[in-house]
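Participant: Enclosed is the structure file entry.cif (mmCIF, C-alpha atoms (C1' of nucleotides)).
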data_my_file
loop_
_atom_site.group_PDB
_atom_site.id
_atom_site.type_symbol
_atom_site.label_atom_id
_atom_site.label_comp_id
_atom_site.auth_asym_id
_atom_site.auth_seq_id
_atom_site.Cartn_x
_atom_site.Cartn_y
_atom_site.Cartn_z
ATOM 1 C CA MET Y 1 80.265 188.185 186.702
ATOM 2 C CA THR Y 2 79.932 189.930 190.049
ATOM 3 C CA GLY Y 3 83.096 191.477 191.337
ATOM 4 C CA ALA Y 4 85.223 191.125 188.220
ATOM 5 C CA LEU Y 5 87.876 193.810 188.403
ATOM 6 C CA THR Y 6 89.846 195.712 185.816
ATOM 7 C CA ILE Y 7 93.596 195.393 186.000
ATOM 8 C CA ALA Y 8 93.836 198.789 187.699
ATOM 9 C CA GLU Y 9 91.396 197.671 190.365
ATOM 10 C CA ALA Y 10 93.199 194.381 190.839
ATOM 11 C CA ALA Y 11 96.430 196.329 191.189
ATOM 12 C CA GLU Y 12 94.882 198.510 193.862
ATOM 13 C CA HIS Y 13 93.488 195.529 195.760
ATOM 14 C CA THR Y 14 96.687 193.543 195.764
ATOM 15 C CA GLY Y 15 99.304 196.257 195.823
ATOM 16 C CA ILE Y 16 100.871 194.707 192.722
ATOM 17 C CA THR Y 17 101.285 197.047 189.765
ATOM 18 C CA ALA Y 18 99.354 196.455 186.533
ATOM 19 C CA HIS Y 19 102.675 195.990 184.756
ATOM 20 C CA THR Y 20 103.636 193.260 187.182
ATOM 21 C CA LEU Y 21 100.231 191.593 186.979
ATOM 22 C CA ARG Y 22 100.630 191.271 183.221
ATOM 23 C CA TYR Y 23 104.152 190.005 183.745
ATOM 24 C CA TYR Y 24 102.924 187.328 186.164
ATOM 25 C CA GLU Y 25 100.421 186.121 183.632
ATOM 26 C CA ARG Y 26 103.001 186.155 180.860
ATOM 27 C CA ILE Y 27 105.452 183.965 182.754
ATOM 28 C CA GLY Y 28 102.814 181.502 183.905
ATOM 29 C CA LEU Y 29 102.435 182.494 187.535
ATOM 30 C CA MET Y 30 98.764 182.867 186.743
ATOM 31 C CA ALA Y 31 96.449 181.075 184.394
ATOM 32 C CA PRO Y 32 95.258 183.284 181.519
ATOM 33 C CA ILE Y 33 92.987 185.911 183.033
ATOM 34 C CA SER Y 34 89.480 186.052 181.589
ATOM 35 C CA ARG Y 35 88.755 188.902 179.234
ATOM 36 C CA ALA Y 36 85.978 191.324 178.491
ATOM 37 C CA HIS Y 37 84.914 191.208 174.827
ATOM 38 C CA SER Y 38 87.217 194.185 174.329
ATOM 39 C CA GLY Y 39 90.188 192.046 175.285
ATOM 40 C CA HIS Y 40 90.651 193.845 178.619
ATOM 41 C CA ARG Y 41 91.451 191.631 181.591
ATOM 42 C CA ARG Y 42 88.832 190.954 184.256
ATOM 43 C CA TYR Y 43 90.169 189.661 187.565
ATOM 44 C CA SER Y 44 87.906 187.338 189.551
ATOM 45 C CA SER Y 45 87.990 186.931 193.304
ATOM 46 C CA ASP Y 46 89.708 183.582 192.743
ATOM 47 C CA ASP Y 47 92.422 185.449 190.876
ATOM 48 C CA LEU Y 48 92.804 187.835 193.791
ATOM 49 C CA ARG Y 49 93.049 184.982 196.268
ATOM 50 C CA TRP Y 50 95.687 183.336 194.123
ATOM 51 C CA LEU Y 51 97.631 186.584 194.041
ATOM 52 C CA GLU Y 52 97.534 186.837 197.810
ATOM 53 C CA LEU Y 53 98.947 183.333 198.045
ATOM 54 C CA LEU Y 54 101.687 184.230 195.569
ATOM 55 C CA LYS Y 55 102.523 187.309 197.592
ATOM 56 C CA ARG Y 56 102.964 185.265 200.737
ATOM 57 C CA LEU Y 57 105.010 182.583 199.058
ATOM 58 C CA GLN Y 58 107.215 185.167 197.497
ATOM 59 C CA ALA Y 59 107.592 187.218 200.664
ATOM 60 C CA SER Y 60 108.780 184.054 202.345
ATOM 61 C CA GLY Y 61 111.506 183.627 199.749
ATOM 62 C CA MET Y 62 110.051 181.201 197.247
ATOM 63 C CA PRO Y 63 111.672 181.884 193.867
ATOM 64 C CA ILE Y 64 109.405 182.589 190.912
ATOM 65 C CA ARG Y 65 110.554 179.359 189.241
ATOM 66 C CA ARG Y 66 109.034 177.331 192.053
ATOM 67 C CA MET Y 67 105.856 179.394 192.278
ATOM 68 C CA ARG Y 68 105.514 178.763 188.587
ATOM 69 C CA GLU Y 69 105.808 175.026 189.070
ATOM 70 C CA PHE Y 70 103.219 175.281 191.820
ATOM 71 C CA ALA Y 71 100.913 177.257 189.538
ATOM 72 C CA ARG Y 72 101.358 174.697 186.777
ATOM 73 C CA LEU Y 73 100.386 171.887 189.139
ATOM 74 C CA HIS Y 74 97.398 173.871 190.343
ATOM 75 C CA ARG Y 75 96.193 174.283 186.768
ATOM 76 C CA ARG Y 76 96.485 170.574 186.135
ATOM 77 C CA GLY Y 77 93.854 169.898 188.775
ATOM 78 C CA ASP Y 78 93.228 167.748 191.810
ATOM 79 C CA GLY Y 79 95.459 164.910 190.664
ATOM 80 C CA THR Y 80 98.455 167.052 191.460
ATOM 81 C CA ILE Y 81 97.625 167.563 195.107
ATOM 82 C CA PRO Y 82 100.383 165.221 196.316
ATOM 83 C CA GLN Y 83 102.981 167.132 194.296
ATOM 84 C CA ARG Y 84 101.643 170.474 195.479
ATOM 85 C CA ARG Y 85 101.758 169.221 199.023
ATOM 86 C CA ALA Y 86 105.393 168.228 198.480
ATOM 87 C CA VAL Y 87 106.271 171.677 197.115
ATOM 88 C CA LEU Y 88 104.672 173.362 200.100
ATOM 89 C CA ASP Y 89 106.275 170.980 202.531
ATOM 90 C CA ALA Y 90 109.726 171.670 201.090
ATOM 91 C CA HIS Y 91 109.010 175.358 201.358
ATOM 92 C CA ARG Y 92 107.829 174.911 204.935
ATOM 93 C CA GLU Y 93 111.247 173.521 205.782
ATOM 94 C CA ASP Y 94 112.943 176.421 204.011
ATOM 95 C CA VAL Y 95 110.869 178.925 205.944
ATOM 96 C CA GLU Y 96 111.542 177.190 209.239
ATOM 97 C CA SER Y 97 115.262 177.293 208.680
ATOM 98 C CA SER Y 98 115.092 180.928 207.582
ATOM 99 C CA ILE Y 99 113.373 181.748 210.845
ATOM 100 C CA ALA Y 100 116.009 179.845 212.814
ATOM 101 C CA GLU Y 101 118.819 181.664 211.010
ATOM 102 C CA LEU Y 102 117.224 185.046 211.471
ATOM 103 C CA LYS Y 103 116.886 184.384 215.157
ATOM 104 C CA LYS Y 104 120.592 183.626 215.425
ATOM 105 C CA THR Y 105 121.437 186.797 213.559
ATOM 106 C CA LEU Y 106 119.066 188.769 215.736
ATOM 107 C CA ALA Y 107 120.917 187.552 218.809
ATOM 108 C CA LEU Y 108 124.216 188.649 217.273
ATOM 109 C CA ILE Y 109 122.849 192.078 216.420
ATOM 110 C CA LYS Y 110 121.585 192.562 219.935
ATOM 111 C CA LYS Y 111 124.960 191.542 221.318
ATOM 112 C CA LYS Y 112 126.730 194.041 219.071
ATOM 113 C CA ILE Y 113 124.357 196.808 220.088
ATOM 114 C CA ALA Y 114 125.018 196.011 223.735
ATOM 115 C CA LEU Y 115 128.746 196.221 223.079
ATOM 116 C CA TYR Y 116 128.365 199.600 221.418
ATOM 117 C CA ASP Y 117 126.365 200.815 224.392
ATOM 118 C CA ALA Y 118 129.063 199.589 226.757
ATOM 119 C CA ASP Y 119 131.705 201.442 224.719
ATOM 120 C CA GLU Y 120 129.677 204.607 224.805
ATOM 121 C CA ARG Y 121 129.234 204.434 228.567
ATOM 122 C CA ALA Y 122 132.969 203.818 229.009
ATOM 123 C CA ALA Y 123 133.774 206.810 226.795
ATOM 124 C CA ALA Y 124 131.341 209.072 228.618
ATOM 125 C CA MET E 1 152.173 188.186 210.285
ATOM 126 C CA THR E 2 150.820 185.000 211.840
ATOM 127 C CA GLY E 3 147.716 183.654 210.203
ATOM 128 C CA ALA E 4 147.675 185.899 207.160
ATOM 129 C CA LEU E 5 145.835 183.999 204.453
ATOM 130 C CA THR E 6 145.940 184.071 200.680
ATOM 131 C CA ILE E 7 142.722 184.894 198.921
ATOM 132 C CA ALA E 8 142.163 181.202 198.154
ATOM 133 C CA GLU E 9 142.526 180.333 201.834
ATOM 134 C CA ALA E 10 140.228 183.176 202.863
ATOM 135 C CA ALA E 11 137.721 181.906 200.313
ATOM 136 C CA GLU E 12 137.882 178.433 201.780
ATOM 137 C CA HIS E 13 137.495 179.709 205.350
ATOM 138 C CA THR E 14 134.542 181.939 204.623
ATOM 139 C CA GLY E 15 132.811 180.079 201.836
ATOM 140 C CA ILE E 16 132.955 183.251 199.732
ATOM 141 C CA THR E 17 134.628 182.885 196.356
ATOM 142 C CA ALA E 18 137.877 184.705 195.582
ATOM 143 C CA HIS E 19 136.063 186.601 192.829
ATOM 144 C CA THR E 20 133.491 187.787 195.328
ATOM 145 C CA LEU E 21 136.113 188.714 197.916
ATOM 146 C CA ARG E 22 137.787 190.991 195.381
ATOM 147 C CA TYR E 23 134.393 192.383 194.463
ATOM 148 C CA TYR E 24 133.621 193.178 198.109
ATOM 149 C CA GLU E 25 136.861 195.068 198.438
ATOM 150 C CA ARG E 26 136.259 196.907 195.167
ATOM 151 C CA ILE E 27 132.857 198.191 196.215
ATOM 152 C CA GLY E 28 133.978 199.210 199.695
ATOM 153 C CA LEU E 29 132.457 196.458 201.793
ATOM 154 C CA MET E 30 135.963 195.898 203.090
ATOM 155 C CA ALA E 31 138.861 198.241 203.728
ATOM 156 C CA PRO E 32 141.774 197.664 201.330
ATOM 157 C CA ILE E 33 143.258 194.271 202.217
ATOM 158 C CA SER E 34 146.952 194.312 203.103
ATOM 159 C CA ARG E 35 149.300 193.023 200.446
ATOM 160 C CA ALA E 36 152.421 190.886 200.215
ATOM 161 C CA HIS E 37 155.257 192.724 198.400
ATOM 162 C CA SER E 38 154.147 190.852 195.288
ATOM 163 C CA GLY E 39 150.825 192.627 195.429
ATOM 164 C CA HIS E 40 148.917 189.496 196.455
ATOM 165 C CA ARG E 41 146.264 189.943 199.127
ATOM 166 C CA ARG E 42 146.852 188.698 202.668
ATOM 167 C CA TYR E 43 143.716 188.292 204.783
ATOM 168 C CA SER E 44 144.085 188.824 208.545
ATOM 169 C CA SER E 45 141.899 187.234 211.181
ATOM 170 C CA ASP E 46 140.229 190.635 211.613
ATOM 171 C CA ASP E 47 139.356 190.497 207.934
ATOM 172 C CA LEU E 48 137.832 187.057 208.394
ATOM 173 C CA ARG E 49 135.783 188.209 211.379
ATOM 174 C CA TRP E 50 134.526 191.154 209.391
ATOM 175 C CA LEU E 51 133.525 188.811 206.572
ATOM 176 C CA GLU E 52 131.575 186.627 208.972
ATOM 177 C CA LEU E 53 129.695 189.685 210.171
ATOM 178 C CA LEU E 54 128.969 190.692 206.585
ATOM 179 C CA LYS E 55 127.679 187.199 205.856
ATOM 180 C CA ARG E 56 125.259 187.361 208.739
ATOM 181 C CA LEU E 57 124.042 190.842 207.918
ATOM 182 C CA GLN E 58 123.518 189.872 204.332
ATOM 183 C CA ALA E 59 121.835 186.569 205.153
ATOM 184 C CA SER E 60 119.404 188.560 207.254
ATOM 185 C CA GLY E 61 118.514 190.729 204.293
ATOM 186 C CA MET E 62 120.669 193.808 204.694
ATOM 187 C CA PRO E 63 121.304 195.264 201.222
ATOM 188 C CA ILE E 64 124.911 195.829 200.147
ATOM 189 C CA ARG E 65 124.309 199.571 200.107
ATOM 190 C CA ARG E 66 123.689 199.557 203.826
ATOM 191 C CA MET E 67 126.500 197.176 204.656
ATOM 192 C CA ARG E 68 128.706 199.554 202.736
ATOM 193 C CA GLU E 69 127.572 202.479 204.830
ATOM 194 C CA PHE E 70 128.229 200.408 207.925
ATOM 195 C CA ALA E 71 131.721 199.529 206.655
ATOM 196 C CA ARG E 72 132.425 203.176 205.921
ATOM 197 C CA LEU E 73 131.446 204.148 209.466
ATOM 198 C CA HIS E 74 133.572 201.341 210.862
ATOM 199 C CA ARG E 75 136.610 202.638 208.967
ATOM 200 C CA ARG E 76 136.077 206.127 210.308
ATOM 201 C CA GLY E 77 136.657 204.865 213.835
ATOM 202 C CA ASP E 78 135.140 204.973 217.279
ATOM 203 C CA GLY E 79 133.478 208.341 216.789
ATOM 204 C CA THR E 80 130.939 206.642 214.548
ATOM 205 C CA ILE E 81 129.704 204.166 217.154
ATOM 206 C CA PRO E 82 126.394 205.989 217.652
ATOM 207 C CA GLN E 83 125.704 205.895 213.923
ATOM 208 C CA ARG E 84 126.694 202.259 213.686
ATOM 209 C CA ARG E 85 124.443 201.470 216.596
ATOM 210 C CA ALA E 86 121.604 203.209 214.786
ATOM 211 C CA VAL E 87 122.207 201.187 211.617
ATOM 212 C CA LEU E 88 122.182 197.956 213.580
ATOM 213 C CA ASP E 89 119.142 198.960 215.534
ATOM 214 C CA ALA E 90 117.206 199.724 212.365
ATOM 215 C CA HIS E 91 118.278 196.380 211.004
ATOM 216 C CA ARG E 92 117.210 194.678 214.219
ATOM 217 C CA GLU E 93 113.700 195.989 213.626
ATOM 218 C CA ASP E 94 113.777 194.785 210.045
ATOM 219 C CA VAL E 95 114.852 191.330 211.139
ATOM 220 C CA GLU E 96 112.214 191.175 213.837
ATOM 221 C CA SER E 97 109.480 192.018 211.389
ATOM 222 C CA SER E 98 110.831 189.517 208.874
ATOM 223 C CA ILE E 99 110.589 186.845 211.531
ATOM 224 C CA ALA E 100 107.048 187.865 212.364
ATOM 225 C CA GLU E 101 106.040 187.765 208.705
ATOM 226 C CA LEU E 102 107.676 184.413 208.117
ATOM 227 C CA LYS E 103 105.812 182.996 211.085
ATOM 228 C CA LYS E 104 102.516 184.119 209.633
ATOM 229 C CA THR E 105 103.375 182.584 206.285
ATOM 230 C CA LEU E 106 104.469 179.393 207.994
ATOM 231 C CA ALA E 107 101.064 179.133 209.629
ATOM 232 C CA LEU E 108 99.393 179.578 206.249
ATOM 233 C CA ILE E 109 101.562 176.910 204.649
ATOM 234 C CA LYS E 110 100.766 174.458 207.406
ATOM 235 C CA LYS E 111 97.079 175.169 207.001
ATOM 236 C CA LYS E 112 97.269 174.554 203.253
ATOM 237 C CA ILE E 113 99.142 171.306 203.790
ATOM 238 C CA ALA E 114 96.479 170.190 206.240
ATOM 239 C CA LEU E 115 93.816 170.978 203.653
ATOM 240 C CA TYR E 116 95.612 168.943 201.023
ATOM 241 C CA ASP E 117 95.839 166.049 203.445
ATOM 242 C CA ALA E 118 92.120 166.289 204.153
ATOM 243 C CA ASP E 119 91.381 166.262 200.410
ATOM 244 C CA GLU E 120 93.538 163.210 199.932
ATOM 245 C CA ARG E 121 91.828 161.331 202.725
ATOM 246 C CA ALA E 122 88.427 162.250 201.318
ATOM 247 C CA ALA E 123 89.481 161.007 197.864
ATOM 248 C CA ALA E 124 90.872 157.741 199.207
ATOM 249 C "C1'" DG Q 1 81.137 212.323 167.595
ATOM 250 C "C1'" DC Q 2 85.176 213.598 170.238
ATOM 251 C "C1'" DT Q 3 88.395 213.743 173.689
ATOM 252 C "C1'" DT Q 4 90.817 211.726 177.385
ATOM 253 C "C1'" DG Q 5 92.413 208.205 179.830
ATOM 254 C "C1'" DA Q 6 92.706 203.171 180.617
ATOM 255 C "C1'" DC Q 7 93.737 199.318 178.326
ATOM 256 C "C1'" DT Q 8 96.494 196.053 174.955
ATOM 257 C "C1'" DT Q 9 101.083 193.696 173.208
ATOM 258 C "C1'" DA Q 10 105.947 193.201 172.396
ATOM 259 C "C1'" DG Q 11 110.115 194.090 173.723
ATOM 260 C "C1'" DA Q 12 113.869 196.908 175.809
ATOM 261 C "C1'" DG Q 13 116.052 198.426 180.147
ATOM 262 C "C1'" DC Q 14 117.305 198.348 185.044
ATOM 263 C "C1'" DG Q 15 119.173 197.486 189.844
ATOM 264 C "C1'" DC Q 16 121.064 193.954 192.494
ATOM 265 C "C1'" DG Q 17 124.666 190.812 193.622
ATOM 266 C "C1'" DC Q 18 127.493 188.421 191.845
ATOM 267 C "C1'" DT Q 19 130.322 185.570 188.220
ATOM 268 C "C1'" DC Q 20 133.377 184.967 184.758
ATOM 269 C "C1'" DG Q 21 137.006 185.803 181.087
ATOM 270 C "C1'" DA Q 22 141.147 187.830 179.264
ATOM 271 C "C1'" DA Q 23 145.687 189.027 179.618
ATOM 272 C "C1'" DG Q 24 149.394 189.518 182.254
ATOM 273 C "C1'" DT Q 25 152.514 188.690 186.722
ATOM 274 C "C1'" DT Q 26 154.165 185.871 190.607
ATOM 275 C "C1'" DC Q 27 154.852 181.860 193.341
ATOM 276 C "C1'" DT Q 28 156.139 176.976 194.005
ATOM 277 C "C1'" DA Q 29 157.577 172.229 193.122
ATOM 278 C "C1'" DG Q 30 160.636 169.424 190.597
ATOM 279 C "C1'" DC C 1 165.570 176.825 185.139
ATOM 280 C "C1'" DT C 2 161.006 175.669 183.972
ATOM 281 C "C1'" DA C 3 156.177 174.308 184.035
ATOM 282 C "C1'" DG C 4 152.042 175.183 185.847
ATOM 283 C "C1'" DA C 5 149.147 176.835 189.396
ATOM 284 C "C1'" DA C 6 147.702 180.958 191.772
ATOM 285 C "C1'" DC C 7 147.498 185.549 191.768
ATOM 286 C "C1'" DT C 8 146.544 190.455 189.698
ATOM 287 C "C1'" DT C 9 143.303 194.141 187.267
ATOM 288 C "C1'" DC C 10 139.708 195.488 184.278
ATOM 289 C "C1'" DG C 11 135.592 195.011 182.370
ATOM 290 C "C1'" DA C 12 131.884 192.323 180.353
ATOM 291 C "C1'" DG C 13 128.004 189.172 181.238
ATOM 292 C "C1'" DC C 14 124.273 186.925 183.830
ATOM 293 C "C1'" DG C 15 120.000 185.516 186.434
ATOM 294 C "C1'" DC C 16 116.426 187.472 188.975
ATOM 295 C "C1'" DG C 17 112.330 190.145 189.318
ATOM 296 C "C1'" DC C 18 110.522 193.522 187.817
ATOM 297 C "C1'" DT C 19 109.694 198.258 185.338
ATOM 298 C "C1'" DC C 20 108.957 201.037 181.625
ATOM 299 C "C1'" DT C 21 108.197 202.655 176.702
ATOM 300 C "C1'" DA C 22 106.099 202.653 172.264
ATOM 301 C "C1'" DA C 23 102.429 202.236 169.373
ATOM 302 C "C1'" DG C 24 98.131 201.164 168.998
ATOM 303 C "C1'" DT C 25 92.938 199.970 170.590
ATOM 304 C "C1'" DC C 26 88.966 200.658 173.538
ATOM 305 C "C1'" DA C 27 85.774 202.951 176.939
ATOM 306 C "C1'" DA C 28 83.324 206.717 179.269
ATOM 307 C "C1'" DG C 29 81.853 211.515 179.810
ATOM 308 C "C1'" DC C 30 80.603 215.731 177.512
#
Kindly transcribe the structure held in the file into structure tokens.
Facilitator:
Amino acid sequence: MTGALTIAEAAEHTGITAHTLRYYERIGLMAPISRAHSGHRRYSSDDLRWLELLKRLQASGMPIRRMREFARLHRRGDGTIPQRRAVLDAHREDVESSIAELKKTLALIKKKIALYDADERAAA
Amino acid sequence: MTGALTIAEAAEHTGITAHTLRYYERIGLMAPISRAHSGHRRYSSDDLRWLELLKRLQASGMPIRRMREFARLHRRGDGTIPQRRAVLDAHREDVESSIAELKKTLALIKKKIALYDADERAAA
DNA sequence: GCTTGACTTAGAGCGCGCTCGAAGTTCTAG
DNA sequence: CTAGAACTTCGAGCGCGCTCTAAGTCAAGC
């Protein structure tokens, strides 16, 4: 199997610790990782791609519960594409509203900074 | 004191539970709230404005630790404006990069959705 | 063959941000 | 005056997402 990585190598590639990789598998964020005859995990490039997707979903605020549901659907195969689409579409809306909220907050922060600057100039 | 609110009223106005309001005071996110002679809290409109600011900072991902530092500076008065400005400016950068990251993830999600749609059409 | 380090599992522990419960005091409506 | 709702403090508990330890097995270089 070309390019199958040990857990340490997978950790290095993804920036996710080996502990956390095992944890992800344990809780069902990943399908069982294939094993060498020794029992040691061997991560495939598909596994790495899946991890990158998880990282993005998580960084955009998707809770583990929902990533898990998504993973479960993925494992069940092509028949679940409509449900997976629905999960992603719901998340798309969440992300869009997060962006909108952050932009409002950003405007407030900038306003506050400008006020501080005005105060400082007045005091000087 | 016109407009001084009980904790229940402050909770209703801000959408923060009474339990959480007490918690915020306890951990120093708020200066000690003024009290009726009975010992019951009375929230001023300044308190409410401060809570709205906290809500926005928190919603934009500022950890309580940092909001606490910001609150501490605020209590120490006008001399701390440069430090407060620095805290906000650092947070501004954080928020801007969050927005940038979310936008990238949003693009990925949209791409995945489009792929699912293509699969569905092919299967139909 | 032996050492050293990476790997395995199971399960405990942690930091964050609340959230709730207990036990007692105070306010308010009738 | 009284019942019951709202308030008080203190401290325990919880859900999340890891993070780490212990005790043991396996792999790679000398």
Participant: Applying the PyMOL selection byres ((chain E) within 9 of (chain C)) to the file I just gave you, which residues come out? Please list them as a list in words.
Facilitator: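 This file, filtered by the PyMOL selection byres ((chain E) within 9 of (chain C)), leaves Ile7, Ala8, Gly39, His40 and Arg41 of chain E.
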Participant: Using only C-alpha atoms, which of the listed residues (E:Glu101, E:Asp94, E:Glu12, E:Asp119) sits closest to E:Tyr43?
Facilitator: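 For E:Tyr43, the nearest of the candidates is E:Glu12.
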Participant: Using all atoms listed in the file, can you tell me which of Q:DT19, Q:DT8, Q:DT28, Q:DT3 comes closest to chain Y?
Facilitator: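 Checking each of Q:DT19, Q:DT8, Q:DT28, Q:DT3 against chain Y, counting all atoms listed in the file, the winner is Q:DT8.
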Participant: Written as a list of chain:residue names, what is the full residue list that the PyMOL selection byres ((chain E) within 8 of (chain Y)) yields on the file shown?
Facilitator: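 So the PyMOL selection byres ((chain E) within 8 of (chain Y)), applied here, picks out E:Arg56, E:Leu57, E:Ala59, E:Ser60, E:Ile81, E:Pro82, E:Arg85, E:Leu88, E:Asp89, E:Arg92, E:Val95, E:Glu96, E:Ile99, E:Glu101, E:Leu102, E:Lys103, E:Thr105, E:Leu106, E:Ile109, E:Lys110, E:Ile113, E:Tyr116, E:Glu120.
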Participant: Selection in question (the file shown): the PyMOL selection byres ((chain Q) within 12 of (chain Y)). Which residues does it include, as number ranges by chain?
Facilitator: Q: 6-10
Participant: I'm after chain Y in the frame of chain E: fit it by least squares over all Cα atoms matched in order, and give me the output as a short mmCIF file (atom, residue, chain, number, x, y, z; two decimals) with C-alpha atoms, keeping the file's coordinate frame.
Facilitator:
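Final output, out.cif:
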data_model
loop_
_atom_site.label_atom_id
_atom_site.label_comp_id
_atom_site.auth_asym_id
_atom_site.auth_seq_id
_atom_site.Cartn_x
_atom_site.Cartn_y
_atom_site.Cartn_z
CA MET Y 1 152.05 188.30 210.40
CA THR Y 2 150.80 185.04 211.87
CA GLY Y 3 147.76 183.62 210.19
CA ALA Y 4 147.66 185.90 207.16
CA LEU Y 5 145.84 184.01 204.44
CA THR Y 6 145.97 184.09 200.67
CA ILE Y 7 142.74 184.90 198.91
CA ALA Y 8 142.19 181.22 198.14
CA GLU Y 9 142.54 180.36 201.80
CA ALA Y 10 140.25 183.17 202.84
CA ALA Y 11 137.74 181.91 200.29
CA GLU Y 12 137.92 178.44 201.76
CA HIS Y 13 137.52 179.71 205.32
CA THR Y 14 134.55 181.92 204.61
CA GLY Y 15 132.84 180.06 201.81
CA ILE Y 16 132.98 183.24 199.72
CA THR Y 17 134.66 182.88 196.33
CA ALA Y 18 137.91 184.72 195.57
CA HIS Y 19 136.07 186.60 192.83
CA THR Y 20 133.49 187.80 195.31
CA LEU Y 21 136.11 188.72 197.90
CA ARG Y 22 137.78 191.00 195.38
CA TYR Y 23 134.39 192.39 194.46
CA TYR Y 24 133.62 193.17 198.11
CA GLU Y 25 136.85 195.07 198.44
CA ARG Y 26 136.26 196.92 195.19
CA ILE Y 27 132.84 198.19 196.23
CA GLY Y 28 133.95 199.21 199.71
CA LEU Y 29 132.45 196.43 201.79
CA MET Y 30 135.95 195.90 203.08
CA ALA Y 31 138.83 198.22 203.73
CA PRO Y 32 141.75 197.66 201.34
CA ILE Y 33 143.24 194.28 202.21
CA SER Y 34 146.93 194.31 203.11
CA ARG Y 35 149.29 193.02 200.48
CA ALA Y 36 152.39 190.90 200.25
CA HIS Y 37 155.25 192.72 198.48
CA SER Y 38 154.14 190.88 195.35
CA GLY Y 39 150.81 192.68 195.46
CA HIS Y 40 148.92 189.53 196.47
CA ARG Y 41 146.26 189.98 199.14
CA ARG Y 42 146.84 188.71 202.67
CA TYR Y 43 143.71 188.31 204.79
CA SER Y 44 144.09 188.84 208.54
CA SER Y 45 141.90 187.25 211.17
CA ASP Y 46 140.22 190.64 211.60
CA ASP Y 47 139.34 190.50 207.92
CA LEU Y 48 137.84 187.06 208.39
CA ARG Y 49 135.80 188.21 211.37
CA TRP Y 50 134.53 191.15 209.37
CA LEU Y 51 133.53 188.80 206.57
CA GLU Y 52 131.59 186.62 208.97
CA LEU Y 53 129.71 189.68 210.17
CA LEU Y 54 128.97 190.68 206.58
CA LYS Y 55 127.70 187.19 205.85
CA ARG Y 56 125.27 187.35 208.74
CA LEU Y 57 124.06 190.82 207.91
CA GLN Y 58 123.54 189.84 204.34
CA ALA Y 59 121.85 186.54 205.15
CA SER Y 60 119.42 188.52 207.25
CA GLY Y 61 118.53 190.70 204.28
CA MET Y 62 120.68 193.78 204.69
CA PRO Y 63 121.31 195.23 201.22
CA ILE Y 64 124.90 195.79 200.15
CA ARG Y 65 124.32 199.56 200.10
CA ARG Y 66 123.69 199.54 203.83
CA MET Y 67 126.52 197.15 204.65
CA ARG Y 68 128.71 199.53 202.73
CA GLU Y 69 127.57 202.46 204.83
CA PHE Y 70 128.23 200.38 207.92
CA ALA Y 71 131.71 199.51 206.65
CA ARG Y 72 132.41 203.17 205.92
CA LEU Y 73 131.44 204.13 209.46
CA HIS Y 74 133.57 201.33 210.86
CA ARG Y 75 136.58 202.63 208.95
CA ARG Y 76 136.06 206.12 210.30
CA GLY Y 77 136.66 204.87 213.82
CA ASP Y 78 135.14 204.99 217.28
CA GLY Y 79 133.46 208.34 216.78
CA THR Y 80 130.93 206.64 214.55
CA ILE Y 81 129.71 204.18 217.14
CA PRO Y 82 126.38 205.99 217.64
CA GLN Y 83 125.68 205.88 213.91
CA ARG Y 84 126.70 202.24 213.68
CA ARG Y 85 124.46 201.47 216.60
CA ALA Y 86 121.61 203.21 214.77
CA VAL Y 87 122.22 201.18 211.60
CA LEU Y 88 122.19 197.94 213.57
CA ASP Y 89 119.14 198.95 215.53
CA ALA Y 90 117.22 199.71 212.33
CA HIS Y 91 118.29 196.36 210.99
CA ARG Y 92 117.22 194.68 214.22
CA GLU Y 93 113.72 195.99 213.63
CA ASP Y 94 113.79 194.77 210.03
CA VAL Y 95 114.87 191.31 211.14
CA GLU Y 96 112.22 191.17 213.84
CA SER Y 97 109.49 192.01 211.39
CA SER Y 98 110.85 189.51 208.87
CA ILE Y 99 110.62 186.83 211.53
CA ALA Y 100 107.05 187.86 212.37
CA GLU Y 101 106.05 187.75 208.71
CA LEU Y 102 107.68 184.41 208.13
CA LYS Y 103 105.83 182.99 211.08
CA LYS Y 104 102.52 184.12 209.62
CA THR Y 105 103.38 182.58 206.29
CA LEU Y 106 104.47 179.39 207.99
CA ALA Y 107 101.07 179.13 209.63
CA LEU Y 108 99.39 179.57 206.25
CA ILE Y 109 101.56 176.91 204.66
CA LYS Y 110 100.76 174.47 207.41
CA LYS Y 111 97.07 175.18 207.01
CA LYS Y 112 97.27 174.56 203.27
CA ILE Y 113 99.13 171.30 203.79
CA ALA Y 114 96.46 170.19 206.25
CA LEU Y 115 93.80 171.00 203.67
CA TYR Y 116 95.59 168.96 201.03
CA ASP Y 117 95.82 166.06 203.45
CA ALA Y 118 92.10 166.32 204.17
CA ASP Y 119 91.37 166.28 200.42
CA GLU Y 120 93.52 163.24 199.94
CA ARG Y 121 91.80 161.35 202.75
CA ALA Y 122 88.39 162.28 201.32
CA ALA Y 123 89.45 161.06 197.87
CA ALA Y 124 90.84 157.80 199.23
#
Participant: Kindly give the distance, in Å, that separates atom CA of Y:Arg75 and atom CA of Y:Met30, rounded to a single decimal.
Facilitator: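 For atom CA of Y:Arg75 relative to atom CA of Y:Met30, the distance reads 9.0 Å.
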